[in-house]
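A.B. asks: Take a look at this one; I'll ask things after.
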Number of protein chains: 2
Amino acid sequence: FLCSRSAAIHLAHIQDFPSSSDASLIVDSPILYCLRCAHTSWWPARAGHLPSWYTRAGARTFGVCLGAGPLGPYIPLKWIRHLPLDTHHATMLTRRVAGPAQQVGLAIWARAAGTLAPPRNTEFALLQDSDLAVFDSILGSGGVITDPHEVDPYNRDWMGKYRGRGRCVLRPRSTAQVSALLRHCSARRLAVVPQGGNTGLVGGSVPVHDEVVLSTGLMTTLLGFDPGSGALTAQAGAVLATLEAAARERGHAMPLDLGASGSCAIGGNVATNAGGIRLLRHGPLHGSVLGLEVVLAGGQVLDLLSSLRKDNTGYDLKQLFIGSEGTLGVITAVAIQCPAASPATSLAYLAVPSFKAAQQVLQAARQNLGELLSAFEFLDRESLEVAKQFLPGARDPLPGSDAPFFLVVEIAGSSEQHNAAMLEAFLESTMGEGRVLDGVVAQDSRQAGEIWALREGITEALRHRGAIYKYDLSFRVEEMYGVVGAARERLASAYPSGFLGGGAGSTAGSDTEHALKVVGYGHLGDGNVHLNISAPRYDAGLEALIEPWVYEFTAAHSGSISAEHGLGRMKAPCIGYSKPPEAVRLMRSIKAAFDPQGILNPYKVLPPE
Amino acid sequence: FLCSRSAAIHLAHIQDFPSSSDASLIVDSPILYCLRCAHTSWWPARAGHLPSWYTRAGARTFGVCLGAGPLGPYIPLKWIRHLPLDTHHATMLTRRVAGPAQQVGLAIWARAAGTLAPPRNTEFALLQDSDLAVFDSILGSGGVITDPHEVDPYNRDWMGKYRGRGRCVLRPRSTAQVSALLRHCSARRLAVVPQGGNTGLVGGSVPVHDEVVLSTGLMTTLLGFDPGSGALTAQAGAVLATLEAAARERGHAMPLDLGASGSCAIGGNVATNAGGIRLLRHGPLHGSVLGLEVVLAGGQVLDLLSSLRKDNTGYDLKQLFIGSEGTLGVITAVAIQCPAASPATSLAYLAVPSFKAAQQVLQAARQNLGELLSAFEFLDRESLEVAKQFLPGARDPLPGSDAPFFLVVEIAGSSEQHNAAMLEAFLESTMGEGRVLDGVVAQDSRQAGEIWALREGITEALRHRGAIYKYDLSFRVEEMYGVVGAARERLASAYPSGFLGGGAGSTAGSDTEHALKVVGYGHLGDGNVHLNISAPRYDAGLEALIEPWVYEFTAAHSGSISAEHGLGRMKAPCIGYSKPPEAVRLMRSIKAAFDPQGILNPYKVLPPE
Ligand SMILES: Cc1cc2nc3c(=O)[nH]c(=O)nc-3n(C[C@H](O)[C@H](O)[C@H](O)COP(=O)(O)OP(=O)(O)OC[C@H]3O[C@@H](n4cnc5c(N)ncnc54)[C@H](O)[C@@H]3O)c2cc1C
Ligand SMILES: Cc1cc2nc3c(=O)[nH]c(=O)nc-3n(C[C@H](O)[C@H](O)[C@H](O)COP(=O)(O)OP(=O)(O)OC[C@H]3O[C@@H](n4cnc5c(N)ncnc54)[C@H](O)[C@@H]3O)c2cc1C
């Protein structure tokens, strides 16, 4: 294997390829970087350099997404190709690694449907009994879980897509305990995954290999509430819905809400920079988090737990932890600005004839409902159908409608009457203009709750249906639904029957519950679409058909490949679709400054170097 | 000079002390750090180590504020002392530097009223004619200013408190030009100060020594506006008021507004994380800035100019530039979320009997005006008086009132009638409860404009009155006014006549225009008070009386020493009052990663190491 300008290739990071021949394997990100001449090239693209296994590749097709290298993970879109490769040849590839020449570095990032992982970083220590003894001494009884059955749920993600092999779960109650744990882990170089409610949707919250899980499940104390400002302070493990109830009791509301509120933790929300249905009104967490307490990888406690509304003294470090997905520090406490609760809320569920009409209704709502507007969500007909079928007790608010799109529009204000008058005027005008076909206004909080349950239950319903490929994308509002149609077309031509195609283990049949289904829903007001591809099982061929195509499509339309869920494990190698190499370089230097040994949530967010 | 545990002292960084004996000198931040035993101690606090000049000190008193050292700038409050010192002894101190032993590093940070600067970093190159030739070739005619008269205003800050000695001003028009300029400056190691509208209030926007000024004054293009989302994109030099007008034309509004809007630039606003009167409604810039384009110190263009509402792909680097005051990169373009403009605005100016009543009115406004509330400002009687006296055309909206505090309450909504009804009900109830003594509601936009001009003109009025010591502090709302009273008491006991005390050059007299005056006003809804001490001239003795006392007071009340103006040059050594050493350590590592040579806005934000 030769670089076009230099010498032999060193294949790094692929020691962990599976030898079992039935594992589904996806190899992405091969990019050549010649350490001698600094020339970067895409490997199989140059005929002269095609490795023999490439041309000898078997029948199965695997997705290849170009990625990391010393120049960063940014790869021109035209370089993205599909590369036929099977595990046999991957093994061969692995064998060739042994060569001595290191003049060309080749970063390969392996990922597989469901099970295959990037290689374990062998610099991390293996957990010893002596470590467990130290953990026990720090946490006392009940603080350390090692029973495999009890550990298991902490190793599995919410979708059932990723599964780690962590052997122990740590459950501290205090910041001091988190600090002592991390001091030990960094001294021993044990890798750690922070975990909140484990509702994350990108495989970020569970181990990839044998990382220790540090759960905030016992850190749930409400630390304070300042009625003068609405600043709420809580330990990181406090469940969002619990905090919402606490804020409500005091005449305030949390500035965020999302479908997983009953189980996700505020620390996890901050770590993922969760969006949700209130972002439209209250903005992102970057604007409403007032302070954080964070324990760094080495155990140092970073006290930024101010509850002041304004503080411009130096760089705003807390911002870095918002959305860092557990890779820069463990968040132990959060102070957040809670707006005053609105005494009066009204909700409308509307059927619209097209996505274009949905946008026009959004524009009209922005102009006419202004400060009252508190949520603007959408679902397509396919989402509605999945929810109706798989969500226990789901009710269709407009059972007669055959519209292609539905909107959930919420307004919140200080006067019931004013709300009603504004909403009525708004509905009259949009219906008059033919932009809204039909609609219902919730008559009481039970009805409103049902509508919300439907909208927020789609994620859950999809999980009940089977495997889900979730893509959480943002675009300009005008363009946000295009990707759903494009995905439908792409799958329809690959699977004309609507079912997963041939090959061993396929469940093709005539049962529509097993059909592939593409649905789109999400936060219309924020240009955030959740593209979900529902399938009977996780399948490498299907995945290869979607990825990297969906990222390529998104980048070509100047969108983001992760609007709110983060990159986690799923999209770490793909950051280059949304961020330039210079940005990734700076992110790496920040990671190195905050966590020099890289023990915090390894294999996540940043692509391998 | 001996460390209590180790050897001789090396006095670094004080080569630049003035030799002229009439310069007012303040030396702050001497902290000993023994490089051998890592023992830190405060120097003059230990009798055994008192240097001889300390005991021989003359009549003049100078403020000493402990600060930087390799352990970071955090100093326990009990260590803060006043140290008598005069320039004669400072010169002696300088002479002693020459000793060879380097076992103890002593960082001294010198700062003086008006003129004295921290020492020039001798690692920076001196500007050569050949540099000017390169700048000329990059910018073409009109792009480089070197005429001393034309350069002068770029060297002086808005308050007339700080003055640099920069010899040239660069005025690029494009990002490519900024990149080329910085590539040259970093290759040559020339220090650079980014400058927007030069309205900053902490000495951050002007050179300290001979730094090159890079002005965004010619980068004023509106790059785009997306009506679907309200995302506005502009070059960094665009003036805030111009952008506000552009947004208004399109049915939207900028999410921030402040007294300097007619001259400050959007890039400067972002670089200072400007707050202002709309923060209450629209939150901080961290929530509304969508994207930035930034040129790094080495000339690399960092393209984060997304205008998507949501993008969780990796660490949110743009957040670091918000409030970085030109020390991490030069912002060349900004994308920002503009909310829909409210068709109807109403303004009330209220007299309240006490600060406690002001808080209660705020609470009531939060609960009852809710989503309509768009600004909640306050001024004390003393502020009002300064404004009436020094602001041309200022009108007192309640000329008969002798109340101690006044509030400016704005609501903005979609209906004139609803506004009026809500405001009336609100005023009736707060007046009925005796919390509001008297009030006027603006009858038209001219009256509203007059009230705003009064509130927003206080800063300007103070400038006309003379020298200003500005402290931009935040506290819990309940505690925010305490510092104003405490400052009044402190000054009253030091200057019983109300005038600057004895000593040569004092202007003591009976003219009240020359009296010391302490005023408080600001953003009540955000707990942000502007404590301003107005004096006939900048005076080291007065400054030493206020600083570090005011920072000490603020820290003791868990406040922030800079709510919205930033640290700049004025408060760089004082960051430890609001941020712990671990945070400062991380900030330093970020600075090193983004600007390894430290050429961007040196001597600002971070304390000397
Ligand atoms: C039904 C459903 C609906 C959802 N709806 C939305 C939505 O509308 N908007 C949205 O943005 N997201 C949504 N999500 C995903 C969302 O990311 C999570 O719900 C939530 O924010 C994660 O919180 P968690 O406590 O479960 O974190 P986890 O899943 O436990 O962890 C998520 C990530 O954060 C890290 N982390 C967790 N806690 C800490 C901590 N204390 N310190 C440092 N790192 C930590 C983990 O390492 C991991 O990388 C939804 C998920 C589900 C299941
Ligand atoms: C009358 C008056 C009222 C004010 N009211 C408020 C208020 O209510 N709220 C508030 O927060 N502030 C207020 N300020 C201060 C405020 O900081 C500035 O008005 C404004 O935000 C600074 O913008 P500027 O363009 O003038 O920046 P400058 O003063 O030119 O620069 C300020 C800092 O930003 C840096 N900088 C400027 N442009 C760039 C760039 N493109 N890239 C990188 N760094 C850059 C500079 O190096 C400097 O450190 C007020 C000031 C005045 C004079």
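Identifiers in this document derive from the order of the structure tokens: chains are assigned A, B, ..., residues are numbered from 1 separately in each chain, and ligands are numbered from 1 in order of occurrence.
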I'd like a table as a Markdown table: residues in chain B with an atom no more than 6 Å from chain A, each row giving the shortest atom pair and its distance in Å to one decimal, only C-alpha atoms counted, sorted by chain and rising residue number.
C.D. replies:
```
| residue | atom | partner | partner_atom | distance |
| --- | --- | --- | --- | --- |
| B:Gly283 | CA | A:Gly287 | CA | 6.0 |
| B:Pro284 | CA | A:Gly287 | CA | 5.7 |
| B:His286 | CA | A:Gly287 | CA | 5.2 |
| B:Gly287 | CA | A:Gly287 | CA | 4.0 |
| B:Arg309 | CA | A:Asp526 | CA | 5.7 |
| B:Lys310 | CA | A:Ala563 | CA | 4.9 |
| B:Asp311 | CA | A:Ala563 | CA | 4.3 |
| B:Asn312 | CA | A:Gly566 | CA | 5.0 |
| B:Thr313 | CA | A:Ser562 | CA | 5.7 |
| B:Gly314 | CA | A:Val605 | CA | 5.9 |
| B:Tyr315 | CA | A:Ser324 | CA | 5.6 |
| B:Ser324 | CA | A:Tyr315 | CA | 5.6 |
| B:Asp526 | CA | A:Arg309 | CA | 5.7 |
| B:Ser560 | CA | A:Asp311 | CA | 5.6 |
| B:Ser562 | CA | A:Asn312 | CA | 5.3 |
| B:Ala563 | CA | A:Asp311 | CA | 4.3 |
| B:Glu564 | CA | A:Asn312 | CA | 5.4 |
| B:Gly566 | CA | A:Asn312 | CA | 5.0 |
| B:Leu567 | CA | A:Thr313 | CA | 6.0 |
| B:Val605 | CA | A:Gly314 | CA | 5.9 |
```
A.B. asks: Hey, which residues come within 7 Å of ligand 1 if we count only C-alpha atoms and all ligand atoms? Could you give them as a PyMOL selection string?
C.D. replies: chain A and resi 158+193-201+204-205+216+236-237+258-261+263-277+325-327+329-332+456-457+459-460+564-565+568+601
A.B. asks: Taking only C-alpha atoms and all ligand atoms into account, name the residue in B:Thr220, B:Ser497, B:Ser534, B:Asn419 that is nearest to ligand 2.
C.D. replies: B:Thr220
A.B. asks: Given only C-alpha atoms and all ligand atoms as the basis, pick out the residue of B:Leu542, B:Met480, B:Val178, B:Leu232 nearest to ligand 2.
C.D. replies: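 Residue with the minimum atom-to-atom distance to ligand 2: B:Val178.
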A.B. asks: Counting only C-alpha atoms, what is within 8 Å of Pro172 of chain A, bar same-chain residues fewer than 5 positions away, as a PDB file with N, CA and C atoms, in the first residue's frame?
C.D. replies:
```
ATOM      1  N   LEU A 139     -17.489   4.953  48.472  1.00  0.00           N
ATOM      2  CA  LEU A 139     -18.950   5.084  48.360  1.00  0.00           C
ATOM      3  C   LEU A 139     -19.737   4.380  49.462  1.00  0.00           C
ATOM      4  N   GLY A 143     -23.141   1.678  47.046  1.00  0.00           N
ATOM      5  CA  GLY A 143     -22.633   2.669  46.104  1.00  0.00           C
ATOM      6  C   GLY A 143     -21.996   2.064  44.871  1.00  0.00           C
ATOM      7  N   GLN A 177     -17.514  12.693  46.677  1.00  0.00           N
ATOM      8  CA  GLN A 177     -17.339  11.295  46.252  1.00  0.00           C
ATOM      9  C   GLN A 177     -16.965  11.206  44.774  1.00  0.00           C
ATOM     10  N   VAL A 178     -17.618  12.015  43.945  1.00  0.00           N
ATOM     11  CA  VAL A 178     -17.273  12.015  42.510  1.00  0.00           C
ATOM     12  C   VAL A 178     -15.796  12.374  42.352  1.00  0.00           C
ATOM     13  N   LEU A 214     -20.246   5.812  35.718  1.00  0.00           N
ATOM     14  CA  LEU A 214     -20.443   6.675  36.885  1.00  0.00           C
ATOM     15  C   LEU A 214     -21.833   7.268  36.758  1.00  0.00           C
ATOM     16  N   SER A 215     -22.747   6.733  37.547  1.00  0.00           N
ATOM     17  CA  SER A 215     -24.150   7.156  37.430  1.00  0.00           C
ATOM     18  C   SER A 215     -24.466   8.249  38.437  1.00  0.00           C
ATOM     19  N   THR A 216     -25.241   9.247  37.993  1.00  0.00           N
ATOM     20  CA  THR A 216     -25.654  10.310  38.920  1.00  0.00           C
ATOM     21  C   THR A 216     -26.996   9.981  39.570  1.00  0.00           C
ATOM     22  N   LEU A 218     -28.065   8.720  42.215  1.00  0.00           N
ATOM     23  CA  LEU A 218     -28.342   9.021  43.631  1.00  0.00           C
ATOM     24  C   LEU A 218     -28.087  10.495  43.982  1.00  0.00           C
ATOM     25  N   MET A 219     -27.720  11.281  42.978  1.00  0.00           N
ATOM     26  CA  MET A 219     -27.437  12.705  43.246  1.00  0.00           C
ATOM     27  C   MET A 219     -28.634  13.542  42.799  1.00  0.00           C
TER      28      MET A 219
END
```
A.B. asks: Run DSSP on the backbone and give me the residues of segment 411-597 of chain B it puts in strand (DSSP E), as a CSV table (one decimal) with N, CA and C atoms, in the first residue's frame.
C.D. replies:
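Once written, result_12.csv looks like this:
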```
chain,number,residue,atom,x,y,z
B,411,ILE,N,-43.2,47.0,28.6
B,411,ILE,CA,-43.8,45.8,28.1
B,411,ILE,C,-44.0,45.9,26.6
B,412,ALA,N,-43.9,44.7,26.0
B,412,ALA,CA,-44.0,44.6,24.6
B,412,ALA,C,-44.8,43.4,24.2
B,413,GLY,N,-45.8,43.7,23.4
B,413,GLY,CA,-46.7,42.6,23.1
B,413,GLY,C,-47.4,42.7,21.7
B,438,ASP,N,-45.6,57.0,42.7
B,438,ASP,CA,-46.1,57.9,41.7
B,438,ASP,C,-45.6,57.3,40.3
B,439,GLY,N,-46.2,57.7,39.2
B,439,GLY,CA,-45.7,57.1,38.0
B,439,GLY,C,-46.3,57.8,36.8
B,440,VAL,N,-45.6,57.7,35.7
B,440,VAL,CA,-46.2,58.2,34.4
B,440,VAL,C,-46.1,57.0,33.4
B,441,VAL,N,-47.1,57.0,32.5
B,441,VAL,CA,-47.0,56.0,31.4
B,441,VAL,C,-46.8,56.9,30.2
B,467,ALA,N,-14.0,62.5,35.8
B,467,ALA,CA,-13.5,61.2,35.9
B,467,ALA,C,-14.5,60.2,36.5
B,468,ILE,N,-14.5,59.0,36.0
B,468,ILE,CA,-15.5,58.0,36.5
B,468,ILE,C,-14.8,56.7,36.9
B,469,TYR,N,-15.0,56.2,38.1
B,469,TYR,CA,-14.6,54.9,38.4
B,469,TYR,C,-15.9,54.0,38.3
B,470,LYS,N,-15.9,53.1,37.3
B,470,LYS,CA,-17.1,52.4,37.0
B,470,LYS,C,-17.0,51.0,37.5
B,471,TYR,N,-17.9,50.5,38.2
B,471,TYR,CA,-18.0,49.1,38.7
B,471,TYR,C,-19.3,48.5,38.3
B,472,ASP,N,-19.2,47.5,37.5
B,472,ASP,CA,-20.4,46.9,36.9
B,472,ASP,C,-20.6,45.5,37.6
B,473,LEU,N,-21.4,45.5,38.6
B,473,LEU,CA,-21.5,44.4,39.5
B,473,LEU,C,-22.8,43.7,39.4
B,474,SER,N,-22.8,42.4,39.7
B,474,SER,CA,-24.1,41.7,39.8
B,474,SER,C,-24.1,41.0,41.2
B,517,LYS,N,-19.1,61.9,43.9
B,517,LYS,CA,-20.5,61.5,43.8
B,517,LYS,C,-20.6,60.0,43.6
B,518,VAL,N,-21.4,59.3,44.4
B,518,VAL,CA,-21.6,57.9,44.2
B,518,VAL,C,-23.0,57.6,43.7
B,519,VAL,N,-23.1,57.0,42.5
B,519,VAL,CA,-24.4,56.8,41.9
B,519,VAL,C,-24.6,55.3,41.6
B,520,GLY,N,-25.9,54.9,41.6
B,520,GLY,CA,-26.2,53.5,41.3
B,520,GLY,C,-27.4,53.4,40.4
B,521,TYR,N,-27.2,52.7,39.3
B,521,TYR,CA,-28.3,52.5,38.4
B,521,TYR,C,-28.1,51.2,37.7
B,522,GLY,N,-29.0,50.7,36.8
B,522,GLY,CA,-28.7,49.5,36.1
B,522,GLY,C,-29.9,48.6,35.8
B,523,HIS,N,-29.6,47.4,35.6
B,523,HIS,CA,-30.6,46.4,35.1
B,523,HIS,C,-31.1,45.6,36.3
B,528,ASN,N,-28.1,43.5,38.2
B,528,ASN,CA,-26.9,44.1,37.7
B,528,ASN,C,-26.9,45.6,38.0
B,529,VAL,N,-26.0,46.0,39.0
B,529,VAL,CA,-26.0,47.4,39.4
B,529,VAL,C,-24.7,48.1,38.8
B,530,HIS,N,-24.8,49.3,38.3
B,530,HIS,CA,-23.7,50.0,37.9
B,530,HIS,C,-23.3,51.0,39.0
B,531,LEU,N,-22.3,50.7,39.7
B,531,LEU,CA,-21.8,51.6,40.8
B,531,LEU,C,-20.8,52.5,40.1
B,532,ASN,N,-21.1,53.8,40.2
B,532,ASN,CA,-20.2,54.8,39.5
B,532,ASN,C,-19.7,55.8,40.5
B,533,ILE,N,-18.5,56.0,40.6
B,533,ILE,CA,-17.9,57.0,41.5
B,533,ILE,C,-17.4,58.1,40.6
B,534,SER,N,-18.0,59.2,40.7
B,534,SER,CA,-17.7,60.3,39.8
B,534,SER,C,-16.8,61.3,40.6
B,535,ALA,N,-15.7,61.7,40.0
B,535,ALA,CA,-14.7,62.6,40.7
B,535,ALA,C,-14.3,63.6,39.7
```
A.B. asks: With distances taken over only C-alpha atoms and all ligand atoms, which residue among B:Cys185, B:Val192, B:Ala176, B:Ala246 lies nearest ligand 2?
C.D. replies: B:Val192
